[in-house]
Structures are given as C-alpha cells and as structure tokens.
>>> print(open('protein_24.cif').read())   # mmCIF, C-alpha atoms
data_my_file
#
loop_
_atom_site.label_atom_id
_atom_site.label_comp_id
_atom_site.auth_asym_id
_atom_site.auth_seq_id
_atom_site.Cartn_x
_atom_site.Cartn_y
_atom_site.Cartn_z
CA MET A 895 0.00 0.00 0.00
CA SER A 896 1.43 3.40 -0.97
CA TYR A 897 1.91 6.19 1.54
CA GLN A 898 -0.59 8.29 -0.41
CA THR A 899 -3.26 5.62 -0.05
CA VAL A 900 -2.55 5.31 3.67
CA PHE A 901 -2.82 9.08 4.13
CA ARG A 902 -5.94 9.32 2.01
CA GLU A 903 -7.73 6.65 3.98
CA ALA A 904 -6.57 8.16 7.25
CA VAL A 905 -8.15 11.50 6.29
CA GLY A 906 -11.54 9.87 5.76
CA GLU A 907 -14.53 11.94 4.76
CA ILE A 908 -13.86 15.46 3.58
CA PRO A 909 -16.47 17.86 5.01
CA PRO A 910 -17.96 20.64 2.87
CA THR A 911 -15.68 23.61 2.59
CA SER A 912 -16.37 27.08 3.91
CA ILE A 913 -13.96 28.53 1.33
CA ASP A 914 -15.55 30.70 -1.32
CA VAL A 915 -13.08 31.41 -4.10
CA GLU A 916 -15.18 34.30 -5.42
CA GLN A 917 -15.17 35.84 -1.96
CA VAL A 918 -11.38 35.53 -1.79
CA ILE A 919 -11.09 37.25 -5.16
CA ARG A 920 -13.41 40.07 -4.12
CA ARG A 921 -11.49 40.57 -0.89
CA GLN A 922 -8.18 40.74 -2.74
CA ARG A 923 -9.61 43.15 -5.31
CA ARG A 924 -10.86 45.36 -2.49
CA ARG A 925 -7.52 45.17 -0.72
CA HIS A 926 -5.76 46.17 -3.95
CA ARG A 927 -8.21 49.03 -4.47
CA LEU A 928 -7.75 50.26 -0.92
CA GLY A 929 -3.99 50.06 -1.31
CA ARG A 930 -4.18 52.27 -4.38
CA THR A 931 -6.66 54.71 -2.91
CA GLY A 932 -4.87 54.91 0.43
CA LEU A 933 -2.28 57.27 -0.93
CA ALA A 934 -4.93 59.37 -2.64
CA ALA A 935 -6.88 59.51 0.62
CA MET A 936 -3.82 60.70 2.50
CA VAL A 937 -3.29 63.44 -0.06
CA GLY A 938 -6.99 64.27 0.11
CA ALA A 939 -6.88 64.46 3.89
CA ALA A 940 -3.92 66.80 3.73
CA VAL A 941 -5.80 69.04 1.30
CA LEU A 942 -8.93 68.98 3.49
CA GLY A 943 -6.79 69.88 6.46
CA VAL A 944 -6.16 73.16 4.74
CA THR A 945 -9.51 73.82 2.99
CA VAL A 946 -11.99 72.86 5.74
CA PRO A 947 -10.73 75.35 8.29
CA LEU A 948 -10.89 77.98 5.56
CA ALA A 949 -14.51 77.05 4.74
CA ILE A 950 -15.49 77.10 8.42
CA ALA A 951 -13.93 80.46 8.76
CA GLY A 952 -16.00 81.65 5.77
CA GLY A 953 -19.40 80.70 7.30
CA SER A 954 -21.67 77.66 7.72
CA GLY A 955 -22.49 75.58 4.67
CA PRO A 956 -25.82 74.13 3.56
CA ASP A 957 -27.44 71.39 5.67
CA LEU A 958 -26.47 67.90 4.55
CA PRO A 959 -29.33 65.49 3.79
CA ALA A 960 -29.80 62.72 6.32
CA SER A 961 -28.45 59.41 5.10
CA SER A 962 -31.17 57.15 3.83
CA PRO A 963 -31.66 53.78 5.53
CA SER A 964 -30.34 50.67 3.82
CA PRO A 965 -32.86 49.02 1.56
CA THR A 966 -34.54 45.99 3.03
CA PRO A 967 -33.33 42.95 1.15
CA SER A 968 -36.11 41.11 -0.64
CA ALA A 969 -34.99 38.16 -2.69
CA GLN A 970 -35.99 38.38 -6.34
CA SER A 971 -35.77 35.34 -8.55
CA ALA A 972 -35.88 34.30 -12.19
CA ARG A 973 -35.63 31.21 -14.37
CA THR A 974 -31.95 31.89 -15.05
CA PRO A 975 -29.32 33.61 -12.91
CA ARG A 976 -28.09 37.06 -13.70
CA PRO A 977 -25.23 37.03 -16.23
CA GLU A 978 -22.18 39.17 -15.75
CA PRO A 979 -22.63 42.60 -17.35
CA GLY A 980 -21.68 42.48 -21.01
CA THR A 981 -21.53 38.68 -21.19
CA THR A 982 -23.83 35.98 -22.47
CA PHE A 983 -24.33 32.44 -21.22
CA SER A 984 -22.27 29.62 -22.70
CA ALA A 985 -23.71 26.31 -23.92
CA THR A 986 -22.61 24.67 -20.65
CA ASP A 987 -24.32 27.41 -18.60
CA LEU A 988 -27.57 26.88 -20.49
CA ALA A 989 -27.29 23.09 -20.12
CA VAL A 990 -26.93 23.49 -16.34
CA PHE A 991 -29.93 25.81 -16.10
CA ALA A 992 -32.01 23.48 -18.30
CA ALA A 993 -31.06 20.41 -16.25
CA LEU A 994 -32.05 22.15 -13.05
CA ALA A 995 -35.34 23.39 -14.54
CA ARG A 996 -36.16 19.89 -15.76
CA GLU A 997 -35.41 18.07 -12.51
CA ALA A 998 -36.80 20.75 -10.18
CA PRO A 999 -39.44 22.79 -12.02
CA ASP A 1000 -40.24 24.85 -8.92
CA VAL A 1001 -36.67 26.05 -8.48
CA GLU A 1002 -35.73 29.60 -9.41
CA TRP A 1003 -32.44 31.46 -9.33
CA ILE A 1004 -32.15 34.30 -6.83
CA THR A 1005 -31.02 37.33 -8.77
CA GLU A 1006 -31.32 40.07 -6.18
CA GLY A 1007 -31.57 40.45 -2.44
CA TRP A 1008 -29.25 37.58 -1.50
CA PRO A 1009 -27.33 38.84 1.51
CA SER A 1010 -23.76 39.38 0.46
CA ASP A 1011 -21.30 42.17 0.07
CA GLY A 1012 -20.53 41.29 -3.50
CA ASP A 1013 -21.86 39.78 -6.65
CA LEU A 1014 -22.76 36.29 -5.45
CA VAL A 1015 -26.02 36.37 -7.34
CA THR A 1016 -24.18 36.84 -10.60
CA TRP A 1017 -23.42 33.64 -12.48
CA HIS A 1018 -19.72 33.94 -13.13
CA PRO A 1019 -18.58 30.57 -14.42
CA VAL A 1020 -15.04 29.40 -14.89
CA ASP A 1021 -15.28 27.94 -18.34
CA SER A 1022 -12.49 26.27 -20.25
CA ALA A 1023 -11.77 23.13 -22.23
CA LYS A 1024 -10.70 21.34 -19.06
CA LEU A 1025 -12.81 22.78 -16.27
CA TYR A 1026 -16.19 24.38 -15.69
CA PHE A 1027 -17.41 25.79 -12.40
CA GLY A 1028 -20.52 27.76 -11.61
CA GLN A 1029 -22.45 28.63 -8.47
CA GLY A 1030 -25.44 30.62 -7.33
CA PRO A 1031 -28.29 30.86 -4.82
CA ILE A 1032 -31.60 29.20 -5.65
CA ARG A 1033 -35.03 29.04 -4.11
CA ALA A 1034 -38.07 26.79 -4.22
CA GLY A 1035 -40.93 28.59 -2.53
CA ASP A 1036 -39.55 29.85 0.76
CA ARG A 1037 -36.66 27.36 0.84
CA THR A 1038 -33.34 28.87 -0.20
CA GLY A 1039 -29.85 27.47 -0.57
CA TYR A 1040 -26.59 27.64 -2.51
CA PHE A 1041 -25.96 25.50 -5.57
CA LYS A 1042 -22.52 24.66 -7.01
CA LEU A 1043 -21.56 22.62 -10.02
CA GLN A 1044 -18.06 21.65 -11.14
CA LEU A 1045 -17.12 19.66 -14.23
CA GLN A 1046 -13.55 18.59 -14.84
CA GLN A 1047 -11.71 16.67 -17.48
CA ASP A 1048 -9.18 15.37 -14.96
CA TRP A 1049 -9.55 14.70 -11.29
CA ASP A 1050 -7.05 14.15 -8.52
CA ARG A 1051 -8.07 10.60 -7.62
CA ARG A 1052 -6.46 10.89 -4.23
CA VAL A 1053 -9.41 13.06 -3.22
CA ALA A 1054 -12.59 11.22 -2.27
CA PHE A 1055 -15.48 12.99 -0.60
CA CYS A 1056 -16.37 10.14 1.65
CA ILE A 1057 -15.53 6.50 2.22
CA PRO A 1058 -18.68 4.35 2.34
CA GLU A 1059 -17.20 1.73 4.69
CA LYS A 1060 -16.40 4.42 7.22
CA ASN A 1061 -19.17 6.94 6.76
CA GLN A 1062 -22.45 5.13 6.33
CA GLU A 1063 -24.07 7.35 8.93
CA ASN A 1064 -23.40 10.37 6.72
CA GLY A 1065 -25.27 8.87 3.81
CA CYS A 1066 -22.07 8.07 1.93
CA VAL A 1067 -23.17 5.75 -0.85
CA ASN A 1068 -21.44 4.46 -3.98
CA SER A 1069 -23.60 3.38 -6.90
CA THR A 1070 -23.57 3.02 -10.67
CA GLY A 1071 -25.58 5.20 -13.05
CA PRO A 1072 -27.62 4.15 -16.09
CA ALA A 1073 -24.75 4.84 -18.48
CA GLY A 1074 -22.10 3.20 -16.30
CA GLU A 1075 -21.29 6.34 -14.32
CA LYS A 1076 -19.65 5.84 -10.93
CA ILE A 1077 -21.75 7.82 -8.49
CA GLN A 1078 -20.91 8.84 -4.96
CA THR A 1079 -23.52 10.69 -2.88
CA TRP A 1080 -23.20 12.07 0.59
CA SER A 1081 -25.23 14.22 2.93
CA ASN A 1082 -24.48 15.66 6.31
CA GLN A 1083 -25.60 18.27 8.75
CA ALA A 1084 -23.29 20.62 10.61
CA PRO A 1085 -24.07 23.00 13.47
CA ILE A 1086 -24.06 26.69 12.57
CA THR A 1087 -21.21 28.19 14.54
CA SER A 1088 -20.42 31.36 12.53
CA SER A 1089 -21.69 34.70 13.70
CA ASP A 1090 -24.29 36.41 11.52
CA LYS A 1091 -21.69 38.99 10.55
CA ASN A 1092 -19.35 36.29 9.23
CA ARG A 1093 -22.20 34.57 7.47
CA MET A 1094 -23.12 37.83 5.73
CA LEU A 1095 -19.52 38.24 4.63
CA HIS A 1096 -19.70 34.79 3.05
CA GLY A 1097 -22.96 35.58 1.32
CA LYS A 1098 -25.20 33.60 3.66
CA PRO A 1099 -28.44 34.77 5.24
CA ALA A 1100 -28.69 35.38 8.98
CA ALA A 1101 -28.72 32.10 10.88
CA PRO A 1102 -32.18 30.75 11.65
CA THR A 1103 -33.32 31.14 15.24
CA SER A 1104 -34.38 27.49 15.37
CA ASP A 1105 -32.82 24.51 13.54
CA ARG A 1106 -29.34 26.01 13.96
CA PHE A 1107 -27.64 23.63 11.61
CA SER A 1108 -26.97 23.54 7.90
CA THR A 1109 -27.58 20.65 5.55
CA HIS A 1110 -25.16 19.74 2.77
CA TYR A 1111 -25.82 17.34 -0.09
CA GLY A 1112 -23.26 16.33 -2.65
CA VAL A 1113 -23.06 14.12 -5.70
CA ALA A 1114 -19.83 13.22 -7.51
CA VAL A 1115 -20.14 11.44 -10.84
CA GLU A 1116 -17.28 9.92 -12.78
CA ARG A 1117 -18.48 9.41 -16.32
CA PRO A 1118 -17.27 6.56 -18.52
CA ASP A 1119 -15.24 9.07 -20.60
CA GLY A 1120 -13.28 10.02 -17.45
CA THR A 1121 -14.83 13.46 -16.89
CA PHE A 1122 -15.81 14.22 -13.33
CA LEU A 1123 -18.84 16.20 -12.23
CA ILE A 1124 -19.54 17.38 -8.69
CA VAL A 1125 -22.80 19.06 -7.66
CA THR A 1126 -23.42 20.32 -4.13
CA MET A 1127 -26.27 22.01 -2.33
CA SER A 1128 -26.04 23.80 1.02
CA ALA A 1129 -28.98 25.14 2.96
CA ASP A 1130 -29.87 26.12 6.50
CA GLY A 1131 -31.97 23.73 8.55
CA GLU A 1132 -33.67 20.97 6.63
CA ASN A 1133 -35.29 23.30 4.13
CA SER A 1134 -33.12 22.60 1.12
CA PRO A 1135 -34.66 23.75 -2.17
CA LEU A 1136 -33.38 20.56 -3.83
CA THR A 1137 -33.56 16.96 -2.67
CA LEU A 1138 -30.61 14.63 -2.99
CA ALA A 1139 -32.53 12.73 -5.69
CA GLN A 1140 -33.02 15.93 -7.71
CA LEU A 1141 -29.36 16.83 -7.27
CA THR A 1142 -28.33 13.36 -8.46
CA ALA A 1143 -30.56 13.67 -11.52
CA VAL A 1144 -28.91 17.01 -12.39
CA ALA A 1145 -25.46 15.45 -11.96
CA LEU A 1146 -26.37 12.57 -14.30
CA ASN A 1147 -27.64 14.85 -17.06
CA PRO A 1148 -25.47 13.99 -20.09
CA ALA A 1149 -26.15 17.35 -21.75
CA ILE A 1150 -23.83 19.09 -19.27
CA THR A 1151 -20.48 18.88 -21.02
CA LEU A 1152 -17.37 20.98 -21.35
CA ASP A 1153 -17.60 23.33 -24.37
CA MET B 62 -4.79 41.55 -12.24
CA ASN B 63 -6.60 41.64 -15.56
CA ARG B 64 -9.63 39.56 -16.43
CA ALA B 65 -7.69 36.82 -18.27
CA ASP B 66 -5.25 36.42 -15.40
CA GLU B 67 -8.11 36.30 -12.94
CA ASP B 68 -9.89 33.59 -14.91
CA GLU B 69 -6.68 31.58 -15.06
CA TYR B 70 -6.24 32.01 -11.30
CA ARG B 71 -9.84 31.00 -10.64
CA GLN B 72 -9.45 27.88 -12.75
CA PHE B 73 -6.16 26.93 -11.08
CA VAL B 74 -7.51 27.35 -7.57
CA THR B 75 -10.85 25.67 -8.15
CA ALA B 76 -9.17 22.57 -9.56
CA ARG B 77 -6.83 22.30 -6.57
CA LEU B 78 -9.05 23.30 -3.70
CA GLU B 79 -9.80 19.82 -2.37
CA PRO B 80 -6.21 18.46 -2.57
CA LEU B 81 -5.02 21.63 -0.84
CA ARG B 82 -7.59 21.20 1.93
CA VAL B 83 -6.46 17.62 2.48
CA THR B 84 -2.82 18.72 2.62
CA ALA B 85 -3.71 21.41 5.15
CA TYR B 86 -5.71 18.91 7.18
CA LEU B 87 -2.78 16.48 7.30
CA LEU B 88 -0.65 19.31 8.64
CA CYS B 89 -3.03 20.73 11.25
CA HIS B 90 -5.51 17.91 11.89
CA ASN B 91 -8.49 20.30 12.06
CA TRP B 92 -10.82 21.07 9.14
CA HIS B 93 -11.65 24.62 10.28
CA THR B 94 -7.97 25.52 10.56
CA ALA B 95 -7.34 23.74 7.27
CA ASP B 96 -9.92 25.94 5.51
CA ASP B 97 -8.41 29.04 7.14
CA LEU B 98 -4.96 28.05 5.90
CA VAL B 99 -6.17 27.38 2.37
CA SER B 100 -8.02 30.75 2.34
CA ILE B 101 -4.86 32.55 3.46
CA THR B 102 -2.81 30.71 0.86
CA ILE B 103 -5.09 31.35 -2.10
CA GLY B 104 -5.39 35.01 -1.03
CA LYS B 105 -1.61 35.33 -1.15
CA LEU B 106 -1.56 33.43 -4.41
CA TYR B 107 -3.94 36.00 -5.93
CA ARG B 108 -1.55 38.83 -5.03
CA HIS B 109 1.42 37.00 -6.58
CA TRP B 110 -0.40 35.20 -9.35
CA ARG B 111 1.55 36.59 -12.31
CA ARG B 112 4.85 35.58 -10.79
CA VAL B 113 3.66 32.17 -9.58
CA SER B 114 1.91 31.25 -12.83
CA ALA B 115 5.13 31.90 -14.72
CA ILE B 116 7.23 29.47 -12.70
CA GLU B 117 7.83 25.90 -13.76
CA SER B 118 6.05 24.11 -10.95
CA PRO B 119 3.27 26.26 -9.47
CA ASP B 120 1.80 23.22 -7.69
CA ALA B 121 4.92 22.66 -5.62
CA TYR B 122 5.09 26.39 -4.95
CA ILE B 123 1.52 26.70 -3.66
CA ARG B 124 2.00 23.68 -1.39
CA GLY B 125 5.06 25.41 -0.05
CA MET B 126 3.01 28.57 0.54
CA LEU B 127 0.42 26.50 2.38
CA THR B 128 3.00 24.75 4.54
CA ASN B 129 4.70 28.01 5.42
CA ALA B 130 1.31 29.58 6.23
CA TRP B 131 0.74 26.70 8.65
CA LEU B 132 4.20 27.08 10.21
CA ASP B 133 3.54 30.83 10.63
CA GLU B 134 0.11 30.23 12.14
CA ARG B 135 1.52 27.76 14.62
CA ARG B 136 3.76 30.48 16.00
CA ARG B 137 0.72 32.45 17.08
CA PRO B 138 0.22 31.94 20.81
CA TRP B 139 -3.38 30.72 20.60
CA ARG B 140 -2.49 28.09 18.03
CA ARG B 141 0.59 26.73 19.76
CA GLU B 142 0.70 22.97 19.93
CA ARG B 143 2.90 20.81 22.07
CA SER B 144 5.10 18.38 20.22
CA THR B 145 8.23 16.55 21.02
CA ASP B 146 11.42 15.86 19.16
CA ASP B 147 12.25 12.92 21.38
CA VAL B 148 10.77 9.55 20.76
CA PRO B 149 11.37 6.89 23.43
CA ASP B 150 13.99 4.45 22.22
CA ARG B 151 11.95 1.27 22.45
CA ALA B 152 10.78 -0.31 19.24
CA ASP B 153 9.10 -3.37 17.94
CA ALA B 154 10.59 -3.28 14.48
CA GLU B 155 9.14 -6.65 13.60
CA HIS B 156 5.56 -5.28 13.57
CA SER B 157 6.27 -1.68 12.71
CA GLU B 158 5.05 -1.74 9.08
CA GLU B 159 1.87 -3.48 10.07
CA LEU B 160 1.26 -0.97 12.83
CA LEU B 161 1.95 2.00 10.59
CA ALA B 162 -0.77 0.66 8.32
CA ASP B 163 -3.17 0.96 11.26
CA ARG B 164 -4.64 4.04 9.69
CA GLU B 165 -6.96 5.09 12.45
CA HIS B 166 -3.95 6.24 14.44
CA LEU B 167 -1.92 7.76 11.66
CA LEU B 168 -3.19 11.32 11.98
CA ASP B 169 -2.72 11.28 15.75
CA LEU B 170 0.79 9.98 15.31
CA LEU B 171 1.52 12.55 12.64
CA SER B 172 0.39 15.37 14.92
CA GLN B 173 2.92 14.24 17.52
CA LEU B 174 5.85 14.94 15.16
CA PRO B 175 7.67 18.26 15.38
CA PRO B 176 6.14 20.70 12.85
CA ARG B 177 8.94 20.85 10.32
CA ARG B 178 9.32 17.08 10.29
CA ARG B 179 5.57 16.73 9.84
CA ALA B 180 5.75 19.19 6.94
CA VAL B 181 8.50 17.16 5.28
CA ILE B 182 6.50 13.94 5.64
CA VAL B 183 3.35 15.50 4.20
CA LEU B 184 5.13 17.21 1.30
CA ARG B 185 7.23 14.17 0.40
CA PHE B 186 4.75 11.35 0.88
CA TRP B 187 1.32 12.94 0.38
CA CYS B 188 2.08 15.75 -2.07
CA ASP B 189 4.70 13.55 -3.75
CA LEU B 190 7.20 16.39 -4.05
CA SER B 191 10.79 15.43 -4.82
CA VAL B 192 13.53 15.91 -2.24
CA GLU B 193 14.71 18.96 -4.19
CA GLU B 194 11.23 20.51 -4.42
CA THR B 195 10.59 19.90 -0.72
CA ALA B 196 13.92 21.49 0.14
CA ARG B 197 13.15 24.50 -2.06
CA VAL B 198 9.66 25.18 -0.69
CA LEU B 199 10.74 24.81 2.94
CA GLY B 200 14.00 26.70 2.45
CA ILE B 201 16.16 23.87 3.81
CA SER B 202 18.89 21.68 2.30
CA THR B 203 18.21 18.41 0.49
CA GLY B 204 20.25 16.61 3.15
CA THR B 205 17.93 17.97 5.84
CA VAL B 206 14.88 16.84 3.88
CA LYS B 207 16.29 13.31 3.59
CA SER B 208 17.19 13.07 7.26
CA GLN B 209 13.89 14.62 8.42
CA ALA B 210 11.91 12.25 6.20
CA ALA B 211 13.80 9.21 7.47
CA ARG B 212 13.47 10.33 11.10
CA GLY B 213 9.82 11.19 10.60
CA LEU B 214 8.95 7.75 9.27
CA GLU B 215 10.99 6.11 12.00
CA SER B 216 9.20 8.22 14.62
CA LEU B 217 5.82 7.23 13.20
CA ARG B 218 6.76 3.56 13.46
CA LEU B 219 8.02 3.96 17.01
CA LEU B 220 4.99 5.93 18.11
CA ALA B 221 2.70 3.38 16.50
CA THR B 222 4.51 0.60 18.31
CA LEU B 223 4.24 2.36 21.65
CA ASP B 224 0.64 3.26 21.01
CA ARG B 225 -0.25 -0.35 20.29
CA ALA B 226 1.73 -1.55 23.31
CA GLY B 227 -0.20 0.94 25.44
CA ILE B 228 -3.53 -0.31 24.11
CA ARG B 229 -2.54 -3.91 24.83
CA ALA B 230 -1.42 -3.02 28.34
CA GLY B 231 -4.65 -1.11 28.89
CA ASN B 232 -6.63 -4.14 27.80
CA GLY B 233 -4.65 -6.40 30.12
CA GLU B 234 -3.21 -8.32 27.18
CA GLU B 235 0.29 -9.66 27.04
CA ALA B 236 2.55 -7.41 24.99
#
>>> encode(input="protein_24.cif", output="structure tokens")
Amino acid sequence: MSYQTVFREAVGEIPPTSIDVEQVIRRQRRRHRLGRTGLAAMVGAAVLGVTVPLAIAGGSGPDLPASSPSPTPSAQSARTPRPEPGTTFSATDLAVFAALAREAPDVEWITEGWPSDGDLVTWHPVDSAKLYFGQGPIRAGDRTGYFKLQLQQDWDRRVAFCIPEKNQENGCVNSTGPAGEKIQTWSNQAPITSSDKNRMLHGKPAAPTSDRFSTHYGVAVERPDGTFLIVTMSADGENSPLTLAQLTAVALNPAITLD
Amino acid sequence: MNRADEDEYRQFVTARLEPLRVTAYLLCHNWHTADDLVSITIGKLYRHWRRVSAIESPDAYIRGMLTNAWLDERRRPWRRERSTDDVPDRADAEHSEELLADREHLLDLLSQLPPRRRAVIVLRFWCDLSVEETARVLGISTGTVKSQAARGLESLRLLATLDRAGIRAGNGEEA
C-alpha cells in the first residue's frame, strides 16, 4: 500500500468547505483598491486639512441630507441567474440551467436580495476546455440554498469525498448510473457556529433562530469518458430547495459537457 | 490583475481546492484551521499570481506557501501545539510496518511529530514532491529533507509501536 493511499484513507470523509473562491477574489480586489486609494486619501486628507478650516472660517455651509436607511433585502428570482454585465451564457451554462429546470421545475435562481457584500447572485462561471465551475443561490418557494456545479476533465483521484465503509451514517453511498457512471452521494448536517456577521460576509443569510444547523448534499459522478462532475447544495436547517434525488438527476444529465 | 489572469487564477484554484484542503488537514488535523490556511494561501496566491503562474512548478510552490502559512500560524500563541522531538527508544521493528498501516492512528501519530518534520513527511509522501522541491519550498537543504523524512517515518513507526503496546497493556493483554 502506498503512503498516499494510507494518508488518504486516514483522512476519511472530507467535510464541505467554507472557502468561497469568489469571496477571496473580491477581498483581494478590495484590498488592492484600498492600497491604491490609500495614498490618494492621505493626499486628500492633507488638502482637506487646509480647505476645511478655511470654509469654516467663511461661514456655515448648507445642511447635509440625512443618510437614507439601507434598503430591506427582498430576494428576487428568475428562471436563469443574472449574467455578468456584457456577457452571455455559454452552452454549458444553459445546459446546467435546463437540467435544473427539468429536474426541479419549482426552483428559481435568486437574482437580487441575496445577503452578500458582492456579486454572489451573478453567475460567473469558470469555463475552459478542461474545467467548468458555476455557483449561485436558488429558491423553491420559501426554501433557499446555494448551488454549485463543477465539471472537470481530470480529477485528482487521491481526493474522495467520503468512504462508504467508514461513513455510512453520513449517507455516503457508492452506486452506478444508467450509463455506467460511478456515483458517490453524501449528505451531512453541521451546526451553525459562525456569527451572523461572518455569514453575511460569506454571502449567507442570517442564521435561523431554530434549527441552527446547515444541511449539505453532494453528488460526484465519474463518467465513462473520465470526466468528473460534482454538484453540491447547502442550505440552513432541513429546508433545502433541492432533494438529494433531484441533485443526483442534475449530476447525471449527459447534456452538461465541457464546451 | 486583468480579467484573463483572474480567470486563469480562478481555474487553477478551483481545480486544486480539495487536494489543498487535504494537505492542510494532514498538517493541522483540524478542518476549520485547514480551511483558514487554504483561504490565506489562495489570497496570497492572488496577489502574486503573475509571478507564480510563470514558474515551472506552481503546484509545488503553492503547497510550499500553504506549509509556510501553517508554520507561521503555529507560532501564534493561541495556536501553539505541544510536540516533542524525542521519541522513546523502544521499538518493535518486527511489527512496525503493520502498525503504521493501522490508519486510524496515523493522523494522531503525525500530529505528535515536530512541525517541520511533519511538513517534510506531508510534502514528500502525500504531495509527492521530490527531495529537491521539498527542500526549495521549505527553504532547507536536500540533506535535511532526507534526514527529516527518514526520522519522521521512523518516529511514526516507534509511536505506532508504543501506542499499540499501550492499548494492549490497557486491555490487560500480554505485549
């Protein structure tokens, strides 16, 4: 047995990640912007230091309007997510949306009002010949959650999401699909430990007052041609907008391919 | 970073997120800390993406960034772990391979190694980096990598032996 196999089996089930790559990118962009504007702000402050006392000395200015309260977020939804400004959806994007609409006709994409400090409601896929990744919030009635789909030509086979022999209690199941696909499904629930502020920063709604846990479903499908597709759904409490069966059906949709 | 660079970065990171999380977990043995370390690492990677993407082996480089992020984090007072360089000098070499394969204990045993030795073991035997790559990312000599790897494996075997002996003694079995 190789060391890698020993390590991999020792690690066991990999829990859902709290890392949001888009959030990391936004934070770094903001940091870069602040770095650039910092100098300008210092210059501006120095200028104000001279001009404000002069203005005060010249008399009182007009009254400033009171700041308006923040708009109350109200989630708006549509049959497709919002594309990035100036872009159109690719064939893979449309195949994902169609698969979701077919398997879960009541599901809609949240296009506005999802609590976040960025553009999490915008469908911004990574799309190349080797990898596709897209994510966005969805709703079915009053149930909301976050949907992610990743399709890859190659996969690091050292990474398994769960090991059925060890993790039966977490719904870790291996099966075979109708076209010979190797399917692995898992589901688990984790207590909500983040503060509401941190959850907002990660684009999640305020934690529910009851059912303080989140539910995660995942399906990984290795197709006979070697491509690998992973679909996950995260929601608070047990009110996921998609069932594991619906998620599996989306993952098995053969129309979702790399462009 | 322009749009093309950012897309390339996004693609690179997305494809490696899970292997990086596992590497971080092997180092710190805690999934929350592992996610923190990977977030720190990919944030740094964003800032240095042009330079990193131009080098020959960005995978080795990012694993080095991750390992160094973990070594830095460990120095923070609230994250300090206790580990020991000294392994008791009793061994049951006859059963050591079998015991090392007792995977339930491997992570516990790994966490008992001194940090830099643990890093060498993870980079060499999980990430499959060469001796030279491991030396480069950790900023140590190839000779040190070889000796740390050998000592690390030996320590794992010894700890596994002692651990098993302790279990037997606890169960009232004959060792």
>>> resolve_selection(input="protein_24.cif", expression="the PyMOL selection byres ((chain A) within 8 of (chain B))", output="JSON, numbers by chain")
{"A": [897, 898, 900, 901, 903, 904, 905, 908, 909, 911, 912, 913, 915, 918, 919, 922, 1020, 1025, 1027, 1046, 1050, 1052, 1053]}
>>> residues_around(input="protein_24.cif", residues="Asp987 (chain A)", least_positions_apart="2", cutoff="9 Å", atoms="all atoms listed in the file", output="ChimeraX atom specification")
/A:983-985,989-992,1017,1019,1028,1150
>>> atom_distance(input="protein_24.cif", atom1="CA of Leu190 (chain B)", atom2="CA of Ala85 (chain B)")
15.1 Å
>>> atom_distance(input="protein_24.cif", atom1="CA of Lys1042 (chain A)", atom2="CA of Val1125 (chain A)")
5.6 Å
>>> residues_around(input="protein_24.cif", residues="Ser216 (chain B)", least_positions_apart="3", cutoff="8 Å", atoms="only C-alpha atoms", output="MDAnalysis selection string")
chainID B and resid 148 174 212:213 219:220
>>> atom_distance(input="protein_24.cif", atom1="CA of Ala1145 (chain A)", atom2="CA of Thr1126 (chain A)")
9.4 Å
>>> resolve_selection(input="protein_24.cif", expression="the PyMOL selection byres ((chain A and resi 1001) around 10)", output="VMD selection string")
chain A and resid 971 to 974 994 to 1000 1002 to 1004 1032 to 1035 1037 to 1038 1135 to 1136
>>> axis_aligned_box(input="protein_24.cif", around="region 189-198 of chain B", padding_each_side="3 Å", output="lines of an AutoDock Vina configuration file")
center_x = 9.7
center_y = 19.4
center_z = -2.3
size_x = 16.0
size_y = 17.6
size_z = 11.0
>>> closest_residue(input="protein_24.cif", among="A:Gln1029, A:Ser1134, A:Ser1069, A:Thr1121", to="Ser1081 (chain A)", atoms="all atoms listed in the file")
A:Ser1134
>>> resolve_selection(input="protein_24.cif", expression="the PyMOL selection byres ((chain B and resi 211) around 12)", output="PyMOL selection string")
chain B and resi 178-179+181-182+185-186+192+204-210+212-218
>>> residues_around(input="protein_24.cif", residues="region 125-133 of chain B", least_positions_apart="3", cutoff="7 Å", atoms="all atoms listed in the file", output="ChimeraX atom specification")
/B:98-99,102,121-122,136,180,198-199
>>> closest_residue(input="protein_24.cif", among="B:Glu193, B:Arg177, B:Asp66, B:Cys89", to="Val113 (chain B)", atoms="all atoms listed in the file")
B:Asp66
>>> decode(input="protein_24.cif", residues="region 1024-1038 of chain A", atoms="N, CA and C atoms", output="mmCIF file, in the first residue's frame")
data_model
loop_
_atom_site.group_PDB
_atom_site.id
_atom_site.type_symbol
_atom_site.label_atom_id
_atom_site.label_comp_id
_atom_site.auth_asym_id
_atom_site.auth_seq_id
_atom_site.Cartn_x
_atom_site.Cartn_y
_atom_site.Cartn_z
ATOM 1 N N LYS A 1024 -10.997 22.382 -20.042
ATOM 2 C CA LYS A 1024 -10.700 21.343 -19.056
ATOM 3 C C LYS A 1024 -11.553 21.436 -17.791
ATOM 4 N N LEU A 1025 -12.095 22.613 -17.533
ATOM 5 C CA LEU A 1025 -12.809 22.777 -16.265
ATOM 6 C C LEU A 1025 -13.957 23.765 -16.407
ATOM 7 N N TYR A 1026 -15.065 23.453 -15.751
ATOM 8 C CA TYR A 1026 -16.186 24.381 -15.687
ATOM 9 C C TYR A 1026 -16.639 24.439 -14.238
ATOM 10 N N PHE A 1027 -16.935 25.638 -13.769
ATOM 11 C CA PHE A 1027 -17.408 25.789 -12.403
ATOM 12 C C PHE A 1027 -18.399 26.936 -12.353
ATOM 13 N N GLY A 1028 -19.539 26.696 -11.746
ATOM 14 C CA GLY A 1028 -20.518 27.762 -11.607
ATOM 15 C C GLY A 1028 -21.265 27.606 -10.291
ATOM 16 N N GLN A 1029 -21.760 28.706 -9.753
ATOM 17 C CA GLN A 1029 -22.446 28.634 -8.466
ATOM 18 C C GLN A 1029 -23.460 29.769 -8.346
ATOM 19 N N GLY A 1030 -24.470 29.554 -7.555
ATOM 20 C CA GLY A 1030 -25.442 30.619 -7.335
ATOM 21 C C GLY A 1030 -26.516 30.199 -6.345
ATOM 22 N N PRO A 1031 -27.207 31.190 -5.752
ATOM 23 C CA PRO A 1031 -28.288 30.865 -4.818
ATOM 24 C C PRO A 1031 -29.581 30.542 -5.563
ATOM 25 N N ILE A 1032 -30.319 29.565 -5.026
ATOM 26 C CA ILE A 1032 -31.597 29.204 -5.650
ATOM 27 C C ILE A 1032 -32.687 29.163 -4.579
ATOM 28 N N ARG A 1033 -33.922 29.133 -5.041
ATOM 29 C CA ARG A 1033 -35.035 29.038 -4.114
ATOM 30 C C ARG A 1033 -36.122 28.148 -4.703
ATOM 31 N N ALA A 1034 -36.867 27.514 -3.816
ATOM 32 C CA ALA A 1034 -38.072 26.788 -4.218
ATOM 33 C C ALA A 1034 -39.099 27.167 -3.172
ATOM 34 N N GLY A 1035 -40.005 28.042 -3.529
ATOM 35 C CA GLY A 1035 -40.933 28.588 -2.532
ATOM 36 C C GLY A 1035 -40.143 29.404 -1.529
ATOM 37 N N ASP A 1036 -40.294 29.085 -0.239
ATOM 38 C CA ASP A 1036 -39.553 29.854 0.758
ATOM 39 C C ASP A 1036 -38.275 29.128 1.200
ATOM 40 N N ARG A 1037 -37.903 28.065 0.505
ATOM 41 C CA ARG A 1037 -36.664 27.355 0.839
ATOM 42 C C ARG A 1037 -35.536 27.889 -0.042
ATOM 43 N N THR A 1038 -34.463 28.315 0.572
ATOM 44 C CA THR A 1038 -33.342 28.867 -0.197
ATOM 45 C C THR A 1038 -32.062 28.105 0.133
#
